[in-house]
Amino acid sequence: LIYTGEQLISPPQITLFLYDASSFMERHPATIDEAVNQIQKGKKAWLHVHGINDVLLIHTIGNRFKLHPLLLEDIMNPAQRSKLDDYKDHIYIATHLLLYKEENAGSIEDDQLSIVVGTDVLITFLDRESDALNPIIERLQKPTSKMRLRGPDYLAYAILDTIVDSYFVILEHVDHNLEVLESELLNDPKKNILLKIQKSKRALALLRKTIWPMREMINQFKRTESPLISDATRMYAADVYDHTIQAIETVDSFRDVTAGMLDIYISTINQRMNEIMKVLTIVATIFVPLTFISSVYGMNFKHMPELDSPYGYPMILGFMLLVSLGMLYFFRRKRWI
Amino acid sequence: LIYTGEQLISPPQITLFLYDASSFMERHPATIDEAVNQIQKGKKAWLHVHGINDVLLIHTIGNRFKLHPLLLEDIMNPAQRSKLDDYKDHIYIATHLLLYKEENAGSIEDDQLSIVVGTDVLITFLDRESDALNPIIERLQKPTSKMRLRGPDYLAYAILDTIVDSYFVILEHVDHNLEVLESELLNDPKKNILLKIQKSKRALALLRKTIWPMREMINQFKRTESPLISDATRMYAADVYDHTIQAIETVDSFRDVTAGMLDIYISTINQRMNEIMKVLTIVATIFVPLTFISSVYGMNFKHMPELDSPYGYPMILGFMLLVSLGMLYFFRRKRWI
Amino acid sequence: LIYTGEQLISPPQITLFLYDASSFMERHPATIDEAVNQIQKGKKAWLHVHGINDVLLIHTIGNRFKLHPLLLEDIMNPAQRSKLDDYKDHIYIATHLLLYKEENAGSIEDDQLSIVVGTDVLITFLDRESDALNPIIERLQKPTSKMRLRGPDYLAYAILDTIVDSYFVILEHVDHNLEVLESELLNDPKKNILLKIQKSKRALALLRKTIWPMREMINQFKRTESPLISDATRMYAADVYDHTIQAIETVDSFRDVTAGMLDIYISTINQRMNEIMKVLTIVATIFVPLTFISSVYGMNFKHMPELDSPYGYPMILGFMLLVSLGMLYFFRRKRWI
Amino acid sequence: LIYTGEQLISPPQITLFLYDASSFMERHPATIDEAVNQIQKGKKAWLHVHGINDVLLIHTIGNRFKLHPLLLEDIMNPAQRSKLDDYKDHIYIATHLLLYKEENAGSIEDDQLSIVVGTDVLITFLDRESDALNPIIERLQKPTSKMRLRGPDYLAYAILDTIVDSYFVILEHVDHNLEVLESELLNDPKKNILLKIQKSKRALALLRKTIWPMREMINQFKRTESPLISDATRMYAADVYDHTIQAIETVDSFRDVTAGMLDIYISTINQRMNEIMKVLTIVATIFVPLTFISSVYGMNFKHMPELDSPYGYPMILGFMLLVSLGMLYFFRRKRWI
Amino acid sequence: LIYTGEQLISPPQITLFLYDASSFMERHPATIDEAVNQIQKGKKAWLHVHGINDVLLIHTIGNRFKLHPLLLEDIMNPAQRSKLDDYKDHIYIATHLLLYKEENAGSIEDDQLSIVVGTDVLITFLDRESDALNPIIERLQKPTSKMRLRGPDYLAYAILDTIVDSYFVILEHVDHNLEVLESELLNDPKKNILLKIQKSKRALALLRKTIWPMREMINQFKRTESPLISDATRMYAADVYDHTIQAIETVDSFRDVTAGMLDIYISTINQRMNEIMKVLTIVATIFVPLTFISSVYGMNFKHMPELDSPYGYPMILGFMLLVSLGMLYFFRRKRWI
């Protein structure tokens with residue numbers, strides 16, 4: 001067993017929630033053995049491990065709960081694709097929490113959450129600090145909550161539901177960013193806007209890469225024949241499944257929008273070039289011929305009869321005026337001015 | 001249960017239609033209990049609820065008709081994907097009415113319609129005001145209507161059929177818009193045309209996002225093994241299914257058209273730039289060499305024999321004329337003029 | 001029943017073909033009842049109805065041949081997707097004749113043909129005038145024709161085969177158009193070529209939209225378990241199926257060609273701009289510096305020693321020549337001239 | 001039966017190969033009946049017909065070997081998609097030989113090969129002259145060849161294998177062409193390169209259109225349950241199947257390369273325009289202001305004090321030098337020079 | 001049997017590893033017969049052949065281990081698609097080692113590895129020198145390794161796992177290259193950057209072409225019903241399968257990035273052109289009118305009253321200043337400066 005992620009928290013924190021229809025307890029055991037001893041028959045247990053870099057700890061959990069070595073390997077590799085593996089006695093679910101970092105120009109942080117569903121026990125493993133599971137704990141504390149009556153499979157469903165809902169929050173942020181980008185694009189595109197579009201595309205690619213396997217995983221959750229997941233819970237999972245599809249469709253429509261942005265950007269640049277060219281052309285086309293005319297009468301030939309005429313100067317000025325007006329008329333007809 | 005949409009109407013309005021082969025009644029009960037009491041055995045009932053923001057009301061309906069909590073949740077979340085869920089005693093259908101807003105520059109409004117098919121009862125939930133169901137009511141009032149003889153499943157089919165037909169009306173509006181855009185594009189593209197194209201693309205994306213899951217949902221309707229949907233009605237659903245596919249194909253062909261528009265726009269801009277450049281080049285290429293020639297004879301050298309010749313001036317003018325004609329011939333050969 | 005197409009012919013014309021291995025008769029009954037009476041036991045009948053806007057007529061046919069209401073509805077809606085519906089006693093096939101209009105700049109007309117296959121009877125409904133079915137009638141008149149020995153299912157196959165063959169004729173026209181367009185594009189692209197490309201894309205989109213559902217429909221024809229279609233006929237249908245796939249592949253390769261045309265057009269425009277810019281740049285870059293030099297010696301400073309030298313003028317002309325030659329050498333090295 | 005291809009050879013040539021483990025004979029019978037008489041029981045026969053435009057001949061073959069009319073029709077239509085049709089007593093395989101024409105600027109010729117697999121007899125039909133089958137004949141002549149021991153199904157496999165191998169030879173030619181094109185594109189793109197790219201795209205489209213249905217056909221060959229194809233031969237077919245997939249993947253990667261070429265071409269043109277513009281801008285931006293300065297001192301005002309100063313001329317020349325240097329510094333900072 | 005690759009090593013080197021739970025031996029037999037004699041019952045054997053160009057050797061191996069002729073053919077053709085063929089007594093796996101060549105500007109070398117899984121024996125064939133299998137040998141040497149307890153199927157899995165892991169190392173190199181390219185693109189795109197992008201696209205195409213069939217092959221490994229692969233090993237293969245999918249997704253996201261790069265490159269070039277045009281336009285638009293004005297007063301008309309006025313010169317200079325300021329104000333308003 002080797003831990004393949006960054007060293008984030010040390011030592012790992014263990015939290016144990018014990019609950020049934022009538023009671024709820026939160027414990028913070030120091031060791032896994034202490035946690036295992038606190039688990040009571042008849043009560044459902046949720047063991048949450050924050051920090052997965054302690055190989056020994058994961059190993060001990062594996063021994064105490066008789067988890068398959070591959071399952072332990074998957075827990076310690078924080079770059080898993082979301083998936084559901086059925087190990088008969090346990091169901092292993094790998095999933096990902098995404099965290100939108102407003103302060104960091106809209107980057108998205110990714111955190112793997114491993115869920116092990118057993119009989120009457122749910123074990124979750126999380127690498128980074130996150131408050132994503134707090135709403136679950138709050139609901140569990142309420143005596144009227146459906147969650148209290150149901151098993152760890154329903155708890156697993158509730159966690160997945162919460163995660164998928166959190167994707168929509170991120171999608172709203174992304175949507176807002178795209179709207180800001182689009183209005184900037186149409187009003188005053190700056191050079192770094194390409195970078196921003198590229199960044200949005202990456203964020204959307206990450207979202208897609210995260211949500212797409214979620215869809216498959218929840219589909220498996222919905223269809224699994226494992227007795228660890230009750231029929232009622234599977235029905236709820238169908239609802240989460242619909243939400244993941246909706247999330248994917250939203251991501252796809254946002255991808256279309258960013259693809260369209262680049263086109264708009266390029267045609268906006270082209271259009272600006274057009275305007276610049278028009279100004280240059282109008283100015284040059286008016287003044288270059290006029291300059292030619294005046295330079296003709298700047299020649300030093302001895303015999304240039306016009307130069308001696310007293311009306312030469314006003315006449316030539318008048319001629320120049322006519323030329324300019326003709327040019328302006330031509331541009332107007334071309335709709336350039 | 002939480003309502004996740006906007007507060008649109010308060011309090012919700014309840015309408016109850018009672019009908020069989022020989023009779024039709026429309027009632028406006030104040031409460032659900034009143035409505036439930038009015039439902040008569042042997043008659044089919046259609047309960048239409050306009051306004052879904054009243055949690056208590058939805059809850060009461062859930063209790064009276066024994067609806068599953070998930071079903072109630074779906075009713076109150078007005079951003080559902082179109083779907084059909086089979087809850088044995090009931091079939092839940094989420095679908096979407098689309099409303100084309102002419103006044104608002106071709107934007108499309110989306111309104112979720114929830115349909116619950118039970119034994120001898122159909123319940124529909126609608127958020128916004130809409131006259132989309134009026135044709136159904138009118139047909140129901142006619143004693144000769146097939147609808148009067150058949151159960152709520154046929155009524156559900158008729159509603160779905162009406163909705164899909166309304167999509168075609170919207171598609172005709174979109175088609176008209178695209179034709180206007182295209183002729184504008186080819187005759188005199190203005191700067192804001194990109195925005196209009198982008199807007200059309202969004203409208204089409206919304207249509208696709210709405211109609212695509214409709215297809216799946218109607219397919220389920222067609223294939224469901226639930227006894228709530230009769231074989232005869234399933235046959236009719238096959239027809240609606242064909243129409244949704246046609247609608248999707250139409251949306252896709254419109255998407256192709258908008259994609260082509262951008263290409264036309266960009267090449268039109270390029271072509272205009274070409275024209276501008278041609279004018280600039282022709283003018284500059286004729287007058288810049290002429291100006292050079294005249295500036296040569298504007299030099300103040302003491303010893304310039306041409307200046308003293310009486311034929312110098314006319315000869316140089318003639319030479320300039322030759323140069324211009326040569327240039328014009330060159331441009332003509334290049335097909336620039 | 002409502003007719004949803006244009007009013008094209010009135011009143012509809014009814015033609016009845018009666019045939020078996022040894023005989024062939026063509027009748028033109030005035031009414032449906034007359035036609036039904038003429039049908040003889042032991043002979044196969046083909047009833048062809050030209051003009052589908054007479055609701056009463058369609059209704060009468062429905063009654064006489066016991067057709068399902070949905071089937072009648074489909075006949076009267078001339079914008080059906082091609083499809084095959086199995087109504088046990090009858091098989092309904094909706095398909096489309098396409099007609100290439102040379103005179104109308106290559107537009108394609110679409111005409112729905114409805115085919116109803118019954119036991120010993122085939123009924124066809126066509127809206128517009130068309131000679132597409134004539135080859136079938138001619139083959140039916142020949143005593144040696146296989147068609148005379150086989151039932152209406154083989155007749156239906158023969159009609160579908162003829163229709164698919166007619167698509168290839170249209171594809172050849174389109175191919176010719178594309179070749180003309182392409183050579184125009186490479187030799188002398190005019191402004192309206194974009195419009196022509198767009199038009200070709202639309203024609204191809206229409207072809208695709210028509211042929212694609214044909215493929216599904218013929219696949220159903222090939223695989224149907226209905227006793228109305230014999231095994232031998234299904235074998236022939238497999239052949240038509242291959243042809244539709246070939247037609248689709250041809251349409252797709254033409255679509256690739258048109259997509260490539262736009263790219264060629266844009267790069268041709270770019271290249272022309274390049275040429276224009278080169279001419280402008282060469283002329284300006286040669287004469288602007290020369291003009292500067294001569295304008296220097298056009299200055300009126302009292303003390304300009306060069307002006308008084310007798311060699312000043314020839315030397316400055318020589319210097320200008322050198323500058324021009326240098327520029328030309330530079331352009332040659334850049335491969336601009 | 002109608003022949004739909006060009007008249008290529010007349011009269012058709014018939015070759016008959018008779019072989020078993022210990023013997024091999026090549027005969028050139030004049031008629032089909034002669035050929036049929038020469039076929040000996042216990043020996044396997046390969047009848048090769050070169051030239052398919054003789055309707056009577058094909059008809060006779062059909063009669064002698066009891067071939068289905070549809071099969072004969074397919075043989076005489078030389079534009080079949082590759083396919084395998086199982087007619088119980090015979091298996092019909094349509095496939096295509098491709099021939100790369102070096103002399104004709106890399107065009108590819110297409111020739112349909114029809115294969116009929118029967119019990120102990122294989123019949124092949126080929127339209128044009130081709131030496132593609134020679135290696136097969138050579139292998140058949142060798143007494144040690146596996147082919148001699150096995151039936152006509154293995155012979156059919158060997159022919160398909162040879163054809164697919166020949167596609168790779170063509171792909172190598174195409175690969176070479178693309179490399180030449182690419183280096184031309186990067187070094188000195190000429191105007192006709194677009195045509196060459198377009199031509200390569202067409203060749204690749206033809207290859208794809210030919211190989212893609214081959215894949216399906218060989219898959220059917222591999223999976224057919226017909227007793228005419230032995231299990232051992234089906235195993236070998238799996239190998240050919242892998243090769244077709246490899247060929248398709250190669251074609252697809254070449255298509256990507258050509259698609260990329262156009263992008264490179266367009267950006268190369270853009271870049272050249274950039275360079276041209278830079279030269280123009282640098283020259284104009286330096287000399288236009290200088291010309292203005294000198295034209296100021298070419299004015300004929302009576303009272304211009306600078307003109308009388310003895311230092312006026314050198315000072316103004318110095319000023320002009322400063323302006324030019326400033327401009328050059330500006331261009332250097334912009335990285336234009 | 002013909003060897004179709006390059007001549008790389010001669011003579012081939014044979015290495016034999018014999019191992020069970022308690023022992024491990026490495027031998028270097030000179031001939032295959034020697035190797036076969038050294039294989040001991042009860043011990044598992046891994047025979048590694050480095051160099052596949054010796055037809056006789058491959059033939060001898062085929063005879064000794066009773067391998068199918070097709071299998072031998074596949075071994076000797078080093079351009080196989082990755083695949084798994086089940087020959088009942090043996091399973092043949094073709095796979096590819098990829099080697100990133102830092103020194104050679106990021107090119108990727110491809111080396112086919114053939115794996116034959118038998119009962120208690122694994123035979124591997126490798127063409128080029130490679131240290132990719134060393135980690136496997138090292139793990140095999142450790143007495144505590146799981147590999148020692150399990151059969152050749154697990155060894156095959158371990159090799160596949162190592163290969164897929166090595167792809168990720170290459171993907172990291174590619175990722176780094178892309179980042180370097182992207183920052184170069186945004187800061188100072190040079191002409192050869194297109195070539196580099198094209199090269200990255202090719203590397204990614206090669207990776208995709210290699211990994212995609214791996215996915216299928218490992219899927220077959222996972223699902224095969226052959227008794228040669230144990231259930232436990234198949235479970236581990238599922239893990240490798242997930243990794244290949246991850247690798248493919250990564251390749252695809254990199255392809256998106258390179259596609260985006262070209263767009264950025266083209267719009268960067270466009271933007272640069274814009275800037276160049278702006279400078280040209282600003283300079284020309286200011287000085288061309290000024291030059292015209294001064295050339296007017298350079299005309300030699302006898303009667304030009306302004307020339308005689310003592311204020312003529314300063315006034316005209318002031319007028320020129322006003323014109324320039326007006327132009328600058330215009331440019332500022334257009335946001336060009």
# chains A, B, ... in the order shown; residues from 1 in each chain; ligands from 1
call {"tool": "interface_residues", "arguments": {"of": "chain C", "to": "chain A", "cutoff": "12 Å", "atoms": "only C-alpha atoms", "output": "PDB file with C-alpha atoms, in the first residue's frame"}}
result
ATOM      1  CA  ALA C 284       4.653  52.088 -51.373  1.00  0.00           C
ATOM      2  CA  VAL C 288       7.729  56.510 -50.366  1.00  0.00           C
ATOM      3  CA  THR C 291       9.648  60.738 -52.614  1.00  0.00           C
ATOM      4  CA  SER C 294      13.361  64.260 -53.674  1.00  0.00           C
ATOM      5  CA  SER C 295      11.367  66.285 -51.172  1.00  0.00           C
ATOM      6  CA  TYR C 297      16.071  68.567 -52.240  1.00  0.00           C
ATOM      7  CA  GLY C 298      12.854  70.482 -52.709  1.00  0.00           C
ATOM      8  CA  MET C 299      13.514  72.297 -49.421  1.00  0.00           C
ATOM      9  CA  ASN C 300      14.197  76.000 -49.754  1.00  0.00           C
TER      10      ASN C 300
END
call {"tool": "residues_around", "arguments": {"residues": "region 168-183 of chain D", "least_positions_apart": "3", "cutoff": "8 Å", "atoms": "only C-alpha atoms", "output": "tab-separated table (two decimals) with N, CA, C and O atoms, in the first residue's frame"}}
result
chain	number	residue	atom	x	y	z
D	98	LEU	N	-8.54	-2.17	-54.43
D	98	LEU	CA	-8.17	-0.78	-54.71
D	98	LEU	C	-6.80	-0.80	-55.38
D	98	LEU	O	-5.92	-1.57	-55.00
D	99	LEU	N	-6.62	0.07	-56.36
D	99	LEU	CA	-5.34	0.11	-57.07
D	99	LEU	C	-4.83	1.54	-57.10
D	99	LEU	O	-5.51	2.44	-57.59
D	100	TYR	N	-3.65	1.76	-56.53
D	100	TYR	CA	-3.05	3.08	-56.49
D	100	TYR	C	-2.38	3.38	-57.82
D	100	TYR	O	-1.55	2.59	-58.27
D	106	GLY	N	-1.60	10.02	-57.95
D	106	GLY	CA	-2.10	9.46	-56.71
D	106	GLY	C	-3.58	9.18	-56.67
D	106	GLY	O	-4.17	9.14	-55.60
D	164	VAL	N	-6.94	-7.03	-47.95
D	164	VAL	CA	-6.72	-6.11	-46.83
D	164	VAL	C	-5.24	-5.72	-46.77
D	164	VAL	O	-4.90	-4.55	-46.53
D	165	ASP	N	-4.34	-6.69	-47.02
D	165	ASP	CA	-2.92	-6.34	-47.03
D	165	ASP	C	-2.62	-5.31	-48.10
D	165	ASP	O	-1.80	-4.40	-47.90
D	186	LEU	N	5.04	23.74	-45.18
D	186	LEU	CA	5.78	24.51	-44.17
D	186	LEU	C	6.88	25.33	-44.80
D	186	LEU	O	7.29	26.36	-44.27
D	187	ASN	N	7.38	24.88	-45.95
D	187	ASN	CA	8.49	25.60	-46.56
D	187	ASN	C	8.03	26.65	-47.55
D	187	ASN	O	8.42	27.82	-47.45
D	193	ILE	N	-1.69	24.02	-53.57
D	193	ILE	CA	-1.56	23.03	-52.49
D	193	ILE	C	-2.92	22.70	-51.90
D	193	ILE	O	-3.16	21.56	-51.46
D	196	LYS	N	-4.30	19.94	-53.79
D	196	LYS	CA	-3.66	18.67	-53.43
D	196	LYS	C	-4.20	18.13	-52.11
D	196	LYS	O	-4.44	16.94	-51.96
D	197	ILE	N	-4.37	19.04	-51.13
D	197	ILE	CA	-4.94	18.61	-49.85
D	197	ILE	C	-6.34	18.05	-50.07
D	197	ILE	O	-6.69	16.97	-49.57
D	200	SER	N	-6.14	14.61	-51.48
D	200	SER	CA	-5.81	13.62	-50.45
D	200	SER	C	-7.03	13.31	-49.60
D	200	SER	O	-7.28	12.15	-49.25
D	247	ALA	N	-6.44	-0.75	-40.39
D	247	ALA	CA	-6.48	0.07	-41.60
D	247	ALA	C	-7.39	1.27	-41.38
D	247	ALA	O	-7.05	2.42	-41.74
D	250	THR	N	-5.75	3.79	-39.24
D	250	THR	CA	-4.72	4.52	-39.97
D	250	THR	C	-5.36	5.59	-40.85
D	250	THR	O	-4.91	6.75	-40.88
D	251	VAL	N	-6.43	5.22	-41.57
D	251	VAL	CA	-7.13	6.20	-42.40
D	251	VAL	C	-7.60	7.37	-41.54
D	251	VAL	O	-7.42	8.54	-41.91
D	254	PHE	N	-4.83	9.66	-40.68
D	254	PHE	CA	-4.46	10.46	-41.84
D	254	PHE	C	-5.46	11.60	-42.07
D	254	PHE	O	-5.09	12.70	-42.47
D	258	THR	N	-4.68	15.59	-42.48
D	258	THR	CA	-5.10	16.52	-43.53
D	258	THR	C	-5.91	17.68	-42.97
D	258	THR	O	-5.79	18.81	-43.43
D	261	MET	N	-3.62	20.12	-41.75
D	261	MET	CA	-2.89	20.82	-42.81
D	261	MET	C	-3.57	22.12	-43.21
D	261	MET	O	-2.93	23.13	-43.44
call {"tool": "select_by_dssp", "arguments": {"residues": "region 95-220 of chain C", "states": "strand (DSSP E or B)", "output": "PyMOL selection string"}}
result
chain C and resi 95-101+107-117+121-126
call {"tool": "residues_around", "arguments": {"residues": "region 327-335 of chain C", "least_positions_apart": "4", "cutoff": "10 Å", "atoms": "only C-alpha atoms", "output": "VMD selection string"}}
result
(chain C and resid 278 281 to 282 285 to 286 321 to 323) or (chain D and resid 188 275 to 276)
call {"tool": "write_last_selection", "arguments": {"atoms": "N, CA, C and O atoms", "output": "short mmCIF file (atom, residue, chain, number, x, y, z; two decimals), in the first residue's frame"}}
result
data_model
loop_
_atom_site.label_atom_id
_atom_site.label_comp_id
_atom_site.auth_asym_id
_atom_site.auth_seq_id
_atom_site.Cartn_x
_atom_site.Cartn_y
_atom_site.Cartn_z
N LYS C 278 0.58 42.70 -51.12
CA LYS C 278 1.94 42.66 -51.66
C LYS C 278 2.15 43.79 -52.64
O LYS C 278 3.16 44.51 -52.56
N THR C 281 2.32 47.05 -50.87
CA THR C 281 3.54 47.19 -50.09
C THR C 281 4.74 47.45 -50.99
O THR C 281 5.59 48.30 -50.71
N ILE C 282 4.81 46.72 -52.10
CA ILE C 282 5.94 46.90 -53.01
C ILE C 282 5.97 48.32 -53.55
O ILE C 282 6.99 49.02 -53.48
N THR C 285 6.61 50.85 -50.67
CA THR C 285 7.93 50.74 -50.07
C THR C 285 9.02 51.23 -51.01
O THR C 285 10.08 51.66 -50.58
N ILE C 286 8.76 51.18 -52.31
CA ILE C 286 9.75 51.72 -53.25
C ILE C 286 9.62 53.23 -53.36
O ILE C 286 10.60 53.97 -53.23
N LEU C 321 18.00 55.30 -57.89
CA LEU C 321 18.00 54.05 -58.64
C LEU C 321 18.54 52.92 -57.75
O LEU C 321 17.97 51.82 -57.68
N LEU C 322 19.64 53.23 -57.07
CA LEU C 322 20.24 52.23 -56.17
C LEU C 322 19.24 51.79 -55.10
O LEU C 322 19.09 50.59 -54.81
N VAL C 323 18.57 52.78 -54.49
CA VAL C 323 17.58 52.46 -53.45
C VAL C 323 16.50 51.54 -54.01
O VAL C 323 16.16 50.51 -53.42
N ASP D 188 7.19 26.26 -48.49
CA ASP D 188 6.80 27.22 -49.53
C ASP D 188 5.44 26.85 -50.10
O ASP D 188 5.33 26.29 -51.18
N GLU D 275 3.83 39.61 -42.04
CA GLU D 275 5.17 40.03 -42.42
C GLU D 275 5.12 41.16 -43.43
O GLU D 275 5.85 42.15 -43.31
N ILE D 276 4.25 40.98 -44.44
CA ILE D 276 4.10 42.01 -45.46
C ILE D 276 3.68 43.31 -44.83
O ILE D 276 4.24 44.38 -45.09
#
call {"tool": "select_by_dssp", "arguments": {"residues": "region 3-229 of chain A", "states": "helix (DSSP H, G or I)", "output": "JSON, numbers by chain"}}
result
{"A": [32, 33, 34, 35, 36, 37, 38, 55, 56, 57, 58, 59, 60, 61, 62, 63, 64, 65, 69, 70, 71, 72, 73, 74, 75, 76, 102, 103, 104, 134, 135, 136, 137, 138, 139, 140, 141, 146, 147, 148, 149, 152, 153, 154, 155, 156, 157, 158, 159, 160, 161, 162, 163, 164, 165, 166, 167, 168, 169, 170, 171, 172, 173, 174, 175, 176, 177, 178, 179, 180, 181, 182, 183, 184, 185, 186, 187, 193, 194, 195, 196, 197, 198, 199, 200, 201, 202, 203, 204, 205, 206, 207, 208, 209, 210, 211, 212, 213, 214, 215, 216, 217, 218, 219, 220, 221, 222, 223]}
call {"tool": "atom_distance", "arguments": {"atom1": "CA of Gln271 (chain D)", "atom2": "CA of Gly326 (chain C)"}}
result
24.0 Å
call {"tool": "residues_around", "arguments": {"residues": "Thr124 (chain B)", "least_positions_apart": "4", "cutoff": "12 Å", "atoms": "only C-alpha atoms", "output": "ChimeraX atom specification"}}
result
/B:13-17,45-52,58,61,75,91-95,112-118,133,152,155-156,159-160
call {"tool": "closest_residue", "arguments": {"among": "B:Leu57, B:Ala30, B:Leu149, B:Leu307", "to": "Gly42 (chain B)", "atoms": "only C-alpha atoms"}}
result
B:Leu149
call {"tool": "atom_distance", "arguments": {"atom1": "CA of Met214 (chain A)", "atom2": "CA of Ala79 (chain B)"}}
result
20.3 Å
call {"tool": "residues_around", "arguments": {"residues": "His96 (chain E)", "least_positions_apart": "4", "cutoff": "12 Å", "atoms": "only C-alpha atoms", "output": "PyMOL selection string"}}
result
chain E and resi 78-83+108-115+125-128+130+132+159-160+162-164+166-167+206-207+209-214+217
call {"tool": "write_last_selection", "arguments": {"atoms": "C-alpha atoms", "output": "short mmCIF file (atom, residue, chain, number, x, y, z; two decimals), in the first residue's frame"}}
result
data_model
loop_
_atom_site.label_atom_id
_atom_site.label_comp_id
_atom_site.auth_asym_id
_atom_site.auth_seq_id
_atom_site.Cartn_x
_atom_site.Cartn_y
_atom_site.Cartn_z
CA PRO E 78 5.43 -6.18 -34.46
CA ALA E 79 2.64 -3.83 -35.60
CA GLN E 80 -0.29 -5.66 -34.01
CA ARG E 81 -3.19 -3.86 -32.42
CA SER E 82 -3.33 -4.71 -28.73
CA LYS E 83 -5.61 -7.72 -28.39
CA ILE E 108 7.60 8.38 -28.53
CA GLU E 109 8.94 4.94 -29.39
CA ASP E 110 6.68 1.96 -29.68
CA ASP E 111 7.64 -1.63 -28.82
CA GLN E 112 5.35 -4.63 -29.07
CA LEU E 113 5.24 -7.03 -26.13
CA SER E 114 3.60 -10.40 -26.76
CA ILE E 115 2.43 -12.38 -23.76
CA PHE E 125 8.39 -11.74 -26.44
CA LEU E 126 9.95 -8.31 -26.76
CA ASP E 127 11.65 -6.77 -29.76
CA ARG E 128 13.76 -3.86 -28.53
CA SER E 130 13.62 -2.13 -22.60
CA ALA E 132 10.06 -1.79 -18.49
CA ILE E 159 2.92 -6.74 -16.53
CA LEU E 160 -0.20 -5.05 -17.96
CA THR E 162 3.11 -1.82 -15.15
CA ILE E 163 2.61 -0.94 -18.80
CA VAL E 164 -0.50 1.12 -18.16
CA SER E 166 4.15 3.74 -17.71
CA TYR E 167 1.61 5.45 -20.00
CA LEU E 206 -0.16 7.66 -31.22
CA LEU E 207 -1.02 7.42 -27.53
CA LYS E 209 -4.15 4.59 -30.99
CA THR E 210 -2.12 2.53 -28.50
CA ILE E 211 -4.27 2.88 -25.41
CA TRP E 212 -7.69 2.56 -27.00
CA PRO E 213 -7.27 -1.11 -28.05
CA MET E 214 -5.59 -1.78 -24.67
CA MET E 217 -8.03 -6.05 -24.52
#
call {"tool": "residues_around", "arguments": {"residues": "Leu71 (chain C)", "least_positions_apart": "3", "cutoff": "9 Å", "atoms": "only C-alpha atoms", "output": "count of residues only"}}
result
10
call {"tool": "residues_around", "arguments": {"residues": "Asp153 (chain B)", "least_positions_apart": "6", "cutoff": "10 Å", "atoms": "only C-alpha atoms", "output": "MDAnalysis selection string"}}
result
chainID B and resid 91 116:122 147 159 221 227:230 232:234
call {"tool": "atom_distance", "arguments": {"atom1": "CA of Leu72 (chain D)", "atom2": "CA of Asp231 (chain C)"}}
result
18.9 Å
